$ cat target10.txt   # compact mmCIF, C-alpha atoms
# COMPACT_ATOMS: atom_id res chain seq x y z
CA MET A 1 -38.55 -1.52 19.85
CA PHE A 2 -40.09 -0.30 16.61
CA GLU A 3 -39.01 3.24 17.41
CA ILE A 4 -35.40 2.05 17.46
CA ILE A 5 -35.70 0.38 14.06
CA ILE A 6 -37.40 3.43 12.55
CA ALA A 7 -34.79 5.75 14.09
CA LEU A 8 -32.02 3.57 12.67
CA LEU A 9 -33.60 3.65 9.23
CA VAL A 10 -33.91 7.44 9.31
CA ALA A 11 -30.32 7.82 10.52
CA ASN A 12 -29.15 5.44 7.81
CA GLY A 13 -31.00 7.41 5.15
CA ALA A 14 -29.59 10.68 6.43
CA PHE A 15 -26.10 9.19 6.39
CA PHE A 16 -26.28 8.06 2.78
CA THR A 17 -27.82 11.37 1.69
CA LEU A 18 -24.93 13.15 3.42
CA VAL A 19 -22.41 10.91 1.68
CA GLY A 20 -24.03 11.74 -1.65
CA SER A 21 -23.73 15.47 -0.93
CA ILE A 22 -20.13 15.08 0.21
CA GLY A 23 -19.42 13.29 -3.06
CA LEU A 24 -20.93 16.19 -4.97
CA VAL A 25 -18.50 18.61 -3.31
CA LYS A 26 -15.41 16.49 -3.04
CA LEU A 27 -15.08 14.44 -6.23
CA PRO A 28 -12.61 15.76 -8.81
CA ASP A 29 -14.57 16.33 -12.06
CA PHE A 30 -18.06 16.66 -13.45
CA PHE A 31 -18.60 13.05 -14.44
CA THR A 32 -17.50 11.62 -11.12
CA ARG A 33 -19.66 14.22 -9.33
CA LEU A 34 -22.69 12.83 -11.11
CA HIS A 35 -22.29 9.68 -9.04
CA GLY A 36 -23.01 11.55 -5.80
CA PRO A 37 -26.70 12.38 -6.35
CA THR A 38 -27.53 8.94 -7.73
CA LYS A 39 -26.59 7.52 -4.37
CA ALA A 40 -28.60 9.97 -2.33
CA THR A 41 -31.75 9.24 -4.27
CA THR A 42 -31.56 5.48 -4.08
CA LEU A 43 -30.54 4.13 -0.71
CA GLY A 44 -30.74 7.42 1.22
CA VAL A 45 -34.25 8.39 0.23
CA GLY A 46 -35.23 4.73 0.04
CA SER A 47 -34.58 3.99 3.68
CA ILE A 48 -36.22 7.24 4.83
CA LEU A 49 -39.32 6.24 2.87
CA VAL A 50 -39.33 2.75 4.38
CA ALA A 51 -39.06 4.40 7.81
CA SER A 52 -41.96 6.73 7.04
CA SER A 53 -44.13 3.91 5.78
CA SER A 54 -43.45 1.69 8.80
CA PHE A 55 -43.98 4.63 11.18
CA PHE A 56 -47.49 5.15 9.88
CA PHE A 57 -48.12 1.42 9.95
CA VAL A 58 -46.96 0.88 13.54
CA ALA A 59 -47.71 4.17 15.31
CA LYS A 60 -50.81 5.38 13.51
CA ASP A 61 -52.25 1.98 12.54
CA GLU A 62 -52.89 3.02 8.98
CA ILE A 63 -51.34 1.81 5.77
CA SER A 64 -49.56 4.60 3.96
CA LEU A 65 -48.69 3.73 0.39
CA HIS A 66 -47.69 7.16 -0.90
CA GLU A 67 -44.10 6.16 -0.22
CA VAL A 68 -44.33 3.46 -2.86
CA LEU A 69 -45.28 6.11 -5.39
CA ILE A 70 -42.49 8.46 -4.29
CA THR A 71 -39.99 5.63 -4.74
CA LEU A 72 -41.43 4.83 -8.15
CA PHE A 73 -41.26 8.43 -9.39
CA LEU A 74 -37.75 8.88 -8.01
CA PHE A 75 -36.52 5.70 -9.65
CA ILE A 76 -38.01 6.78 -12.96
CA THR A 77 -36.79 10.40 -12.92
CA ALA A 78 -33.37 10.20 -11.24
CA PRO A 79 -31.61 8.23 -14.01
CA ILE A 80 -33.13 10.45 -16.70
CA SER A 81 -31.80 13.66 -15.17
CA ALA A 82 -28.38 12.04 -14.66
CA HIS A 83 -28.41 10.80 -18.24
CA LEU A 84 -29.34 14.22 -19.64
CA MET A 85 -26.66 16.00 -17.61
CA ALA A 86 -24.01 13.51 -18.68
CA LYS A 87 -25.07 13.75 -22.30
CA ALA A 88 -25.06 17.55 -22.20
CA ALA A 89 -21.62 17.52 -20.60
CA ILE A 90 -20.22 15.22 -23.26
CA HIS A 91 -21.61 17.39 -26.03
CA LEU A 92 -20.52 20.67 -24.47
CA LYS A 93 -17.09 19.23 -23.69
CA GLN A 94 -17.31 20.88 -20.31
CA ASN A 95 -15.33 18.22 -18.57
CA GLU A 96 -12.33 19.09 -16.52
CA SER A 97 -10.44 15.88 -17.23
CA THR A 98 -10.59 16.42 -20.97
CA THR A 99 -8.34 13.58 -21.96
CA GLN A 100 -10.81 11.04 -20.63
CA ALA A 101 -13.81 12.12 -22.63
CA LYS A 102 -11.91 13.13 -25.71
CA SER A 103 -12.63 9.90 -27.50
CA TYR A 104 -16.38 10.59 -27.24
CA GLU A 105 -16.41 14.13 -28.49
CA LYS A 106 -18.62 14.58 -31.48
CA MET B 1 -59.91 -7.96 -31.12
CA LYS B 2 -59.46 -4.83 -33.22
CA LYS B 3 -62.20 -3.09 -31.28
CA PHE B 4 -60.46 -4.00 -28.04
CA LYS B 5 -57.28 -2.37 -29.33
CA THR B 6 -59.04 0.91 -30.10
CA ILE B 7 -60.59 1.09 -26.65
CA LEU B 8 -57.46 0.02 -24.79
CA PRO B 9 -54.38 0.73 -26.93
CA HIS B 10 -52.02 -0.14 -24.07
CA PRO B 11 -53.52 -2.59 -21.59
CA LEU B 12 -50.40 -2.63 -19.38
CA LEU B 13 -50.39 1.17 -19.16
CA SER B 14 -54.08 1.15 -18.22
CA ILE B 15 -53.55 -1.35 -15.42
CA ALA B 16 -50.60 0.67 -14.13
CA LEU B 17 -52.69 3.86 -14.20
CA VAL B 18 -55.47 2.32 -12.08
CA PHE B 19 -52.89 1.21 -9.52
CA VAL B 20 -51.17 4.59 -9.45
CA TRP B 21 -54.51 6.36 -9.02
CA LEU B 22 -55.48 4.13 -6.09
CA LEU B 23 -52.04 4.60 -4.53
CA LEU B 24 -52.27 8.38 -4.95
CA ASN B 25 -55.57 8.43 -3.08
CA ASN B 26 -54.52 5.73 -0.65
CA THR B 27 -57.92 4.02 -0.80
CA THR B 28 -59.65 1.08 -2.39
CA SER B 29 -63.13 2.65 -2.33
CA THR B 30 -65.47 1.86 -5.23
CA GLY B 31 -65.77 5.50 -6.33
CA HIS B 32 -62.05 5.91 -6.77
CA MET B 33 -61.79 2.56 -8.53
CA ILE B 34 -64.36 3.68 -11.11
CA LEU B 35 -62.71 7.09 -11.50
CA GLY B 36 -59.34 5.37 -11.88
CA MET B 37 -60.72 3.09 -14.58
CA ILE B 38 -62.18 6.07 -16.49
CA LEU B 39 -58.77 7.77 -16.32
CA ALA B 40 -57.08 4.52 -17.35
CA ILE B 41 -59.15 4.51 -20.52
CA LEU B 42 -58.90 8.23 -21.31
CA ILE B 43 -55.18 8.82 -20.68
CA PRO B 44 -53.90 6.08 -23.05
CA TRP B 45 -56.26 7.50 -25.70
CA PHE B 46 -54.83 10.97 -25.50
CA THR B 47 -51.25 9.83 -25.25
CA SER B 48 -51.33 6.98 -27.78
CA ALA B 49 -49.51 9.17 -30.33
CA PHE B 50 -46.45 9.10 -28.07
CA TRP B 51 -46.45 5.30 -27.90
CA PRO B 52 -46.26 4.07 -31.45
CA GLU B 53 -44.99 0.60 -30.66
CA GLU B 54 -46.80 -2.05 -28.72
CA VAL B 55 -45.41 -3.16 -25.40
CA CYS B 56 -45.86 -6.73 -24.43
CA MET B 57 -44.22 -8.19 -21.41
CA LYS B 58 -43.32 -11.83 -21.29
CA HIS B 59 -42.41 -13.66 -18.11
CA PRO B 60 -43.67 -11.17 -15.48
CA LEU B 61 -42.13 -13.35 -12.76
CA LEU B 62 -38.71 -13.02 -14.36
CA PHE B 63 -39.23 -9.25 -14.33
CA LEU B 64 -39.99 -9.35 -10.59
CA LYS B 65 -36.81 -11.36 -10.06
CA PHE B 66 -34.91 -8.75 -12.08
CA VAL B 67 -36.32 -5.97 -9.87
CA GLY B 68 -35.21 -7.93 -6.80
CA ILE B 69 -31.68 -8.35 -8.18
CA VAL B 70 -31.48 -4.63 -8.97
CA LEU B 71 -32.64 -3.61 -5.48
CA TYR B 72 -30.07 -5.94 -3.91
CA ASP B 73 -27.32 -4.56 -6.18
CA ILE B 74 -28.29 -0.99 -5.27
CA LEU B 75 -27.89 -1.88 -1.60
CA ILE B 76 -24.47 -3.49 -2.04
CA ALA B 77 -23.16 -0.92 -4.51
CA ASN B 78 -24.22 1.96 -2.25
CA ILE B 79 -21.94 0.72 0.49
CA THR B 80 -18.94 0.23 -1.81
CA VAL B 81 -19.43 3.63 -3.42
CA SER B 82 -19.83 5.35 -0.05
CA LYS B 83 -16.44 3.96 0.89
CA LEU B 84 -15.00 5.26 -2.39
CA ILE B 85 -16.45 8.74 -1.85
CA LEU B 86 -15.23 8.99 1.73
CA GLY B 87 -11.80 7.63 0.82
CA PRO B 88 -9.05 9.67 -0.87
CA ASN B 89 -9.68 10.80 -4.45
CA LYS B 90 -6.55 9.20 -5.81
CA ASN B 91 -7.99 5.73 -5.22
CA LEU B 92 -10.68 6.38 -7.81
CA LYS B 93 -10.32 5.03 -11.31
CA PRO B 94 -12.96 6.88 -13.31
CA ALA B 95 -13.36 5.57 -16.83
CA PHE B 96 -15.63 5.74 -19.86
CA PHE B 97 -16.49 2.52 -21.59
CA ASP B 98 -18.76 1.31 -24.38
CA LEU B 99 -21.41 -1.29 -23.78
CA PRO B 100 -22.41 -3.05 -27.01
CA LEU B 101 -26.16 -3.64 -26.83
CA ASP B 102 -27.80 -6.89 -27.90
CA ILE B 103 -31.24 -5.81 -26.73
CA LYS B 104 -33.36 -4.21 -29.44
CA HIS B 105 -36.63 -3.24 -27.75
CA PRO B 106 -36.71 0.55 -27.07
CA LEU B 107 -38.36 0.17 -23.66
CA GLY B 108 -35.83 -2.53 -22.80
CA ILE B 109 -32.95 -0.22 -23.72
CA SER B 110 -34.31 2.64 -21.63
CA LEU B 111 -34.88 0.32 -18.67
CA LEU B 112 -31.34 -1.00 -19.01
CA ALA B 113 -29.92 2.55 -19.15
CA SER B 114 -31.98 3.54 -16.09
CA THR B 115 -30.84 0.46 -14.20
CA ILE B 116 -27.21 1.25 -14.97
CA SER B 117 -27.67 4.82 -13.70
CA LEU B 118 -29.55 3.70 -10.58
CA THR B 119 -26.93 1.23 -9.46
CA PRO B 120 -24.28 3.46 -7.89
CA GLY B 121 -20.87 3.52 -9.50
CA THR B 122 -22.07 3.65 -13.09
CA VAL B 123 -23.99 6.30 -15.04
CA SER B 124 -25.18 5.79 -18.58
CA CYS B 125 -24.20 8.88 -20.57
CA ASP B 126 -25.07 8.48 -24.21
CA LEU B 127 -26.76 6.15 -26.64
CA SER B 128 -25.36 5.90 -30.14
CA GLU B 129 -27.60 6.94 -33.05
CA ASP B 130 -28.18 3.39 -34.25
CA LYS B 131 -29.02 2.20 -30.72
CA THR B 132 -26.28 -0.40 -30.58
CA ASN B 133 -23.89 1.24 -28.15
CA LEU B 134 -24.30 2.72 -24.71
CA VAL B 135 -21.60 4.99 -23.33
CA ILE B 136 -21.17 4.43 -19.60
CA HIS B 137 -19.11 6.32 -17.05
CA GLY B 138 -17.83 4.34 -14.10
CA LEU B 139 -16.62 5.87 -10.85
CA SER B 140 -14.03 3.23 -10.16
CA ILE B 141 -13.54 0.57 -12.80
CA GLU B 142 -10.79 -1.96 -12.25
CA ASP B 143 -11.43 -4.12 -15.27
CA ILE B 144 -13.58 -2.81 -18.12
CA ASP B 145 -14.26 -6.22 -19.66
CA GLN B 146 -15.45 -7.58 -16.34
CA ALA B 147 -17.76 -4.60 -15.82
CA ILE B 148 -19.27 -5.05 -19.29
CA ASN B 149 -19.69 -8.75 -18.71
CA GLU B 150 -21.41 -8.17 -15.37
CA ILE B 151 -23.91 -5.70 -16.83
CA LYS B 152 -24.64 -8.00 -19.74
CA THR B 153 -25.30 -11.12 -17.70
CA ARG B 154 -26.97 -9.49 -14.71
CA TYR B 155 -29.22 -6.89 -16.33
CA GLU B 156 -29.35 -7.21 -20.09
CA LYS B 157 -30.10 -10.93 -20.29
CA PRO B 158 -33.26 -10.90 -18.14
CA LEU B 159 -34.48 -7.71 -19.84
CA MET B 160 -34.04 -9.35 -23.23
CA GLU B 161 -36.13 -12.28 -22.06
CA VAL B 162 -38.89 -10.02 -20.75
CA PHE B 163 -39.10 -7.54 -23.62
CA LYS B 164 -39.13 -9.51 -26.81
CA PRO B 165 -40.64 -7.92 -29.91
CA CYS B 166 -44.28 -8.98 -30.20

$ encode --input "target10.txt" --output "C-alpha cells"
Amino acid sequence: MFEIIIALLVANGAFFTLVGSIGLVKLPDFFTRLHGPTKATTLGVGSILVASSSFFFVAKDEISLHEVLITLFLFITAPISAHLMAKAAIHLKQNESTTQAKSYEK
Amino acid sequence: MKKFKTILPHPLLSIALVFVWLLLNNTTSTGHMILGMILAILIPWFTSAFWPEEVCMKHPLLFLKFVGIVLYDILIANITVSKLILGPNKNLKPAFFDLPLDIKHPLGISLLASTISLTPGTVSCDLSEDKTNLVIHGLSIEDIDQAINEIKTRYEKPLMEVFKPC
C-alpha cells in the first residue's frame, strides 16, 4: 500500500520536473522561460522529497529529516537565482520580445 | 540586556542554526546539541557585520499560517501553470507589471519577492532603488489589477503584520 503511494509521489514529481523542462524548451522568450525552472524546483522536487522521507520512515523505520533541509535550501536559493537572471536580462536588454520590456529599460 | 545582545546579536538566527545543525546530523544526541549551540553563538558573531538591522518577528503563528497559504498556492498554481506550458503558446499572456510596496522591512521585502518567485506563474524581476516598487513578470496575466490585489492581500498583508519595525 505504502509502496503505491510512494511510487505515485515519485511519478508525480518526475512529471512536474518534466513539465518544467518542457517549458524551458518550448516557451517563446527569455522571461517566460524563467517560469519553467521555478516549477520544477517547487512541486516536482517537493513531492520527490516527500516520497524519499516517507520511504525511509516506512521501509527503513528511521526518521530522515535531511529532506526538510533540502526543501529549505531550495526554497531559499531558487527565487534568488530566478531574480538575478531576470534582473540581468532586464539590464542587458537581452529579451526577444523587446516591446514588452522596453518600459523597464534603464 | 546589553550584555545579552553582545553575546547573542540575533537570537532568532541562533535558534535556527541549532535546528539546522541537528537536522544536518539527523540526531538529537547531547554532543551535537552542545556543538550546535557553540556554532549558534560563534556564527552570528562573525556574520553580525552583514546583519546591521535587528530582526524581530511578531505573531509567529500568523507566519506559520502564511507558510501554509503559500504551500497551498504553490500546489494549485503548479497545476494551472503546467496546463499553460503544455498548451499552445498563443494562449499565454505574458506581461510585466509594477507592484507598489507598502511593506518597509528589508527582510519582509525579500521574503515577499521570494514568495512571488516561488509561486509559479510570477517571477519578481527588479526592485526599484527606493524600495517602493517591485517589477514582476507574469506568465499569463488576464487582469493586472486583480493580480496586484491578490498579491497584496494574500502575501503582503500577513508579512507586514509579522515583520514590523522593532

$ residues_around --input "target10.txt" --residues "Ala95 (chain B)" --least-positions-apart "5" --cutoff "7 Å" --atoms "only C-alpha atoms" --output "list of chain:residue names"
B:His137, B:Gly138, B:Leu139, B:Ile141

$ residues_around --input "target10.txt" --residues "Thr38 (chain A)" --least-positions-apart "3" --cutoff "10 Å" --atoms "all atoms listed in the file" --output "PyMOL selection string"
(chain A and resi 17+20+33-35+41-44+75+78-79+81-82) or (chain B and resi 78+117-123)

$ residues_around --input "target10.txt" --residues "Phe46 (chain B)" --least-positions-apart "2" --cutoff "12 Å" --atoms "only C-alpha atoms" --output "PyMOL selection string"
chain B and resi 6-10+39-44+48-51

$ atom_distance --input "target10.txt" --atom1 "CA of Asp61 (chain A)" --atom2 "CA of Met33 (chain B)"
23.1 Å

$ residues_around --input "target10.txt" --residues "Leu134 (chain B)" --least-positions-apart "6" --cutoff "6 Å" --atoms "only C-alpha atoms" --output "list in words"
Asp98, Leu99, Asp126 and Leu127 of chain B

$ write_last_selection --input "target10.txt" --atoms "C-alpha atoms" --output "CSV table (one decimal), in the frame of the given file"
chain,number,residue,atom,x,y,z
B,98,ASP,CA,-18.8,1.3,-24.4
B,99,LEU,CA,-21.4,-1.3,-23.8
B,126,ASP,CA,-25.1,8.5,-24.2
B,127,LEU,CA,-26.8,6.2,-26.6

$ closest_atom_pairs --input "target10.txt" --of "chain A" --to "chain B" --cutoff "8 Å" --atoms "only C-alpha atoms" --output "JSON lines"
{"residue": "A:Phe16", "atom": "CA", "partner": "B:Ser82", "partner_atom": "CA", "distance": 7.5}
{"residue": "A:Val19", "atom": "CA", "partner": "B:Ser82", "partner_atom": "CA", "distance": 6.4}
{"residue": "A:Gly20", "atom": "CA", "partner": "B:Ser82", "partner_atom": "CA", "distance": 7.8}
{"residue": "A:Ile22", "atom": "CA", "partner": "B:Ile85", "partner_atom": "CA", "distance": 7.6}
{"residue": "A:Gly23", "atom": "CA", "partner": "B:Ile85", "partner_atom": "CA", "distance": 5.6}
{"residue": "A:Lys26", "atom": "CA", "partner": "B:Ile85", "partner_atom": "CA", "distance": 7.9}
{"residue": "A:Leu27", "atom": "CA", "partner": "B:Asn89", "partner_atom": "CA", "distance": 6.8}
{"residue": "A:Pro28", "atom": "CA", "partner": "B:Asn89", "partner_atom": "CA", "distance": 7.2}
{"residue": "A:Phe31", "atom": "CA", "partner": "B:His137", "partner_atom": "CA", "distance": 7.2}
{"residue": "A:Thr32", "atom": "CA", "partner": "B:Leu139", "partner_atom": "CA", "distance": 5.8}
{"residue": "A:Leu34", "atom": "CA", "partner": "B:Val123", "partner_atom": "CA", "distance": 7.7}
{"residue": "A:His35", "atom": "CA", "partner": "B:Gly121", "partner_atom": "CA", "distance": 6.3}
{"residue": "A:Thr38", "atom": "CA", "partner": "B:Leu118", "partner_atom": "CA", "distance": 6.3}
{"residue": "A:Lys39", "atom": "CA", "partner": "B:Pro120", "partner_atom": "CA", "distance": 5.8}
{"residue": "A:Thr42", "atom": "CA", "partner": "B:Leu118", "partner_atom": "CA", "distance": 7.0}
{"residue": "A:Leu43", "atom": "CA", "partner": "B:Leu75", "partner_atom": "CA", "distance": 6.6}
{"residue": "A:Ser64", "atom": "CA", "partner": "B:Asn26", "partner_atom": "CA", "distance": 6.9}
{"residue": "A:Leu65", "atom": "CA", "partner": "B:Leu23", "partner_atom": "CA", "distance": 6.0}
{"residue": "A:His66", "atom": "CA", "partner": "B:Leu23", "partner_atom": "CA", "distance": 6.2}
{"residue": "A:Val68", "atom": "CA", "partner": "B:Leu23", "partner_atom": "CA", "distance": 8.0}
{"residue": "A:Leu69", "atom": "CA", "partner": "B:Leu23", "partner_atom": "CA", "distance": 7.0}
{"residue": "A:Phe75", "atom": "CA", "partner": "B:Leu118", "partner_atom": "CA", "distance": 7.3}
{"residue": "A:Ile76", "atom": "CA", "partner": "B:Ser114", "partner_atom": "CA", "distance": 7.5}
{"residue": "A:Ala78", "atom": "CA", "partner": "B:Leu118", "partner_atom": "CA", "distance": 7.6}
{"residue": "A:Pro79", "atom": "CA", "partner": "B:Ser114", "partner_atom": "CA", "distance": 5.1}
{"residue": "A:Ile80", "atom": "CA", "partner": "B:Ser114", "partner_atom": "CA", "distance": 7.0}
{"residue": "A:Ala82", "atom": "CA", "partner": "B:Val123", "partner_atom": "CA", "distance": 7.2}
{"residue": "A:His83", "atom": "CA", "partner": "B:Cys125", "partner_atom": "CA", "distance": 5.2}
{"residue": "A:Leu84", "atom": "CA", "partner": "B:Cys125", "partner_atom": "CA", "distance": 7.5}
{"residue": "A:Ala86", "atom": "CA", "partner": "B:Cys125", "partner_atom": "CA", "distance": 5.0}
{"residue": "A:Lys87", "atom": "CA", "partner": "B:Cys125", "partner_atom": "CA", "distance": 5.2}
{"residue": "A:Ile90", "atom": "CA", "partner": "B:Cys125", "partner_atom": "CA", "distance": 8.0}
{"residue": "A:Gln100", "atom": "CA", "partner": "B:Ala95", "partner_atom": "CA", "distance": 7.1}
{"residue": "A:Ala101", "atom": "CA", "partner": "B:Phe96", "partner_atom": "CA", "distance": 7.2}

$ write_last_selection --input "target10.txt" --atoms "C-alpha atoms" --output "PDB file, in the frame of the given file"
ATOM      1  CA  PHE A  16     -26.280   8.060   2.780  1.00  0.00           C
ATOM      2  CA  VAL A  19     -22.410  10.910   1.680  1.00  0.00           C
ATOM      3  CA  GLY A  20     -24.030  11.740  -1.650  1.00  0.00           C
ATOM      4  CA  ILE A  22     -20.130  15.080   0.210  1.00  0.00           C
ATOM      5  CA  GLY A  23     -19.420  13.290  -3.060  1.00  0.00           C
ATOM      6  CA  LYS A  26     -15.410  16.490  -3.040  1.00  0.00           C
ATOM      7  CA  LEU A  27     -15.080  14.440  -6.230  1.00  0.00           C
ATOM      8  CA  PRO A  28     -12.610  15.760  -8.810  1.00  0.00           C
ATOM      9  CA  PHE A  31     -18.600  13.050 -14.440  1.00  0.00           C
ATOM     10  CA  THR A  32     -17.500  11.620 -11.120  1.00  0.00           C
ATOM     11  CA  LEU A  34     -22.690  12.830 -11.110  1.00  0.00           C
ATOM     12  CA  HIS A  35     -22.290   9.680  -9.040  1.00  0.00           C
ATOM     13  CA  THR A  38     -27.530   8.940  -7.730  1.00  0.00           C
ATOM     14  CA  LYS A  39     -26.590   7.520  -4.370  1.00  0.00           C
ATOM     15  CA  THR A  42     -31.560   5.480  -4.080  1.00  0.00           C
ATOM     16  CA  LEU A  43     -30.540   4.130  -0.710  1.00  0.00           C
ATOM     17  CA  SER A  64     -49.560   4.600   3.960  1.00  0.00           C
ATOM     18  CA  LEU A  65     -48.690   3.730   0.390  1.00  0.00           C
ATOM     19  CA  HIS A  66     -47.690   7.160  -0.900  1.00  0.00           C
ATOM     20  CA  VAL A  68     -44.330   3.460  -2.860  1.00  0.00           C
ATOM     21  CA  LEU A  69     -45.280   6.110  -5.390  1.00  0.00           C
ATOM     22  CA  PHE A  75     -36.520   5.700  -9.650  1.00  0.00           C
ATOM     23  CA  ILE A  76     -38.010   6.780 -12.960  1.00  0.00           C
ATOM     24  CA  ALA A  78     -33.370  10.200 -11.240  1.00  0.00           C
ATOM     25  CA  PRO A  79     -31.610   8.230 -14.010  1.00  0.00           C
ATOM     26  CA  ILE A  80     -33.130  10.450 -16.700  1.00  0.00           C
ATOM     27  CA  ALA A  82     -28.380  12.040 -14.660  1.00  0.00           C
ATOM     28  CA  HIS A  83     -28.410  10.800 -18.240  1.00  0.00           C
ATOM     29  CA  LEU A  84     -29.340  14.220 -19.640  1.00  0.00           C
ATOM     30  CA  ALA A  86     -24.010  13.510 -18.680  1.00  0.00           C
ATOM     31  CA  LYS A  87     -25.070  13.750 -22.300  1.00  0.00           C
ATOM     32  CA  ILE A  90     -20.220  15.220 -23.260  1.00  0.00           C
ATOM     33  CA  GLN A 100     -10.810  11.040 -20.630  1.00  0.00           C
ATOM     34  CA  ALA A 101     -13.810  12.120 -22.630  1.00  0.00           C
TER      35      ALA A 101
END

$ atom_distance --input "target10.txt" --atom1 "CA of Glu67 (chain A)" --atom2 "CA of Ser52 (chain A)"
7.6 Å

$ atom_distance --input "target10.txt" --atom1 "CA of His91 (chain A)" --atom2 "CA of Val25 (chain A)"
23.0 Å

$ closest_residue --input "target10.txt" --among "A:Val58, A:Leu24, A:Ala14, A:Ile63" --to "Met1 (chain A)" --atoms "only C-alpha atoms"
A:Val58

$ residues_around --input "target10.txt" --residues "region 149-159 of chain B" --least-positions-apart "6" --cutoff "7 Å" --atoms "all atoms listed in the file" --output "list of chain:residue names"
B:Leu62, B:Phe66, B:Gly108, B:Leu112

$ closest_residue --input "target10.txt" --among "A:Ala11, A:Phe2, A:Thr71, A:Met85" --to "Leu49 (chain A)" --atoms "all atoms listed in the file"
A:Thr71

$ axis_aligned_box --input "target10.txt" --around "region 13-23 of chain B" --padding-each-side "4 Å" --output "lines of an AutoDock Vina configuration file"
center_x = -52.9
center_y = 2.5
center_z = -11.8
size_x = 13.1
size_y = 15.7
size_z = 22.6

$ build_atoms --input "target10.txt" --residues "region 61-79 of chain B" --atoms "N, CA and C atoms" --output "tab-separated table (two decimals), keeping the file's coordinate frame"
chain	number	residue	atom	x	y	z
B	61	LEU	N	-42.85	-12.89	-13.96
B	61	LEU	CA	-42.13	-13.35	-12.76
B	61	LEU	C	-40.64	-13.09	-12.88
B	62	LEU	N	-40.13	-13.29	-14.11
B	62	LEU	CA	-38.71	-13.02	-14.36
B	62	LEU	C	-38.42	-11.55	-14.14
B	63	PHE	N	-39.40	-10.69	-14.52
B	63	PHE	CA	-39.23	-9.25	-14.33
B	63	PHE	C	-39.16	-8.91	-12.85
B	64	LEU	N	-40.02	-9.58	-12.05
B	64	LEU	CA	-39.99	-9.35	-10.59
B	64	LEU	C	-38.65	-9.77	-10.02
B	65	LYS	N	-38.11	-10.89	-10.53
B	65	LYS	CA	-36.81	-11.36	-10.06
B	65	LYS	C	-35.73	-10.34	-10.41
B	66	PHE	N	-35.86	-9.78	-11.62
B	66	PHE	CA	-34.91	-8.75	-12.08
B	66	PHE	C	-34.96	-7.54	-11.15
B	67	VAL	N	-36.18	-7.11	-10.78
B	67	VAL	CA	-36.32	-5.97	-9.87
B	67	VAL	C	-35.65	-6.28	-8.53
B	68	GLY	N	-35.84	-7.52	-8.06
B	68	GLY	CA	-35.21	-7.93	-6.80
B	68	GLY	C	-33.70	-7.86	-6.89
B	69	ILE	N	-33.14	-8.37	-7.99
B	69	ILE	CA	-31.68	-8.35	-8.18
B	69	ILE	C	-31.18	-6.92	-8.18
B	70	VAL	N	-31.92	-6.02	-8.88
B	70	VAL	CA	-31.48	-4.63	-8.97
B	70	VAL	C	-31.49	-3.97	-7.59
B	71	LEU	N	-32.56	-4.22	-6.82
B	71	LEU	CA	-32.64	-3.61	-5.48
B	71	LEU	C	-31.48	-4.09	-4.61
B	72	TYR	N	-31.18	-5.39	-4.70
B	72	TYR	CA	-30.07	-5.94	-3.91
B	72	TYR	C	-28.74	-5.31	-4.34
B	73	ASP	N	-28.56	-5.17	-5.66
B	73	ASP	CA	-27.32	-4.56	-6.18
B	73	ASP	C	-27.19	-3.11	-5.73
B	74	ILE	N	-28.34	-2.39	-5.71
B	74	ILE	CA	-28.29	-0.99	-5.27
B	74	ILE	C	-27.78	-0.93	-3.84
B	75	LEU	N	-28.29	-1.85	-3.00
B	75	LEU	CA	-27.89	-1.88	-1.60
B	75	LEU	C	-26.39	-2.12	-1.45
B	76	ILE	N	-25.89	-3.15	-2.15
B	76	ILE	CA	-24.47	-3.49	-2.04
B	76	ILE	C	-23.59	-2.39	-2.61
B	77	ALA	N	-23.99	-1.90	-3.82
B	77	ALA	CA	-23.16	-0.92	-4.51
B	77	ALA	C	-23.10	0.39	-3.74
B	78	ASN	N	-24.21	0.75	-3.05
B	78	ASN	CA	-24.22	1.96	-2.25
B	78	ASN	C	-23.11	1.95	-1.21
B	79	ILE	N	-22.94	0.80	-0.57
B	79	ILE	CA	-21.94	0.72	0.49
B	79	ILE	C	-20.54	0.84	-0.09
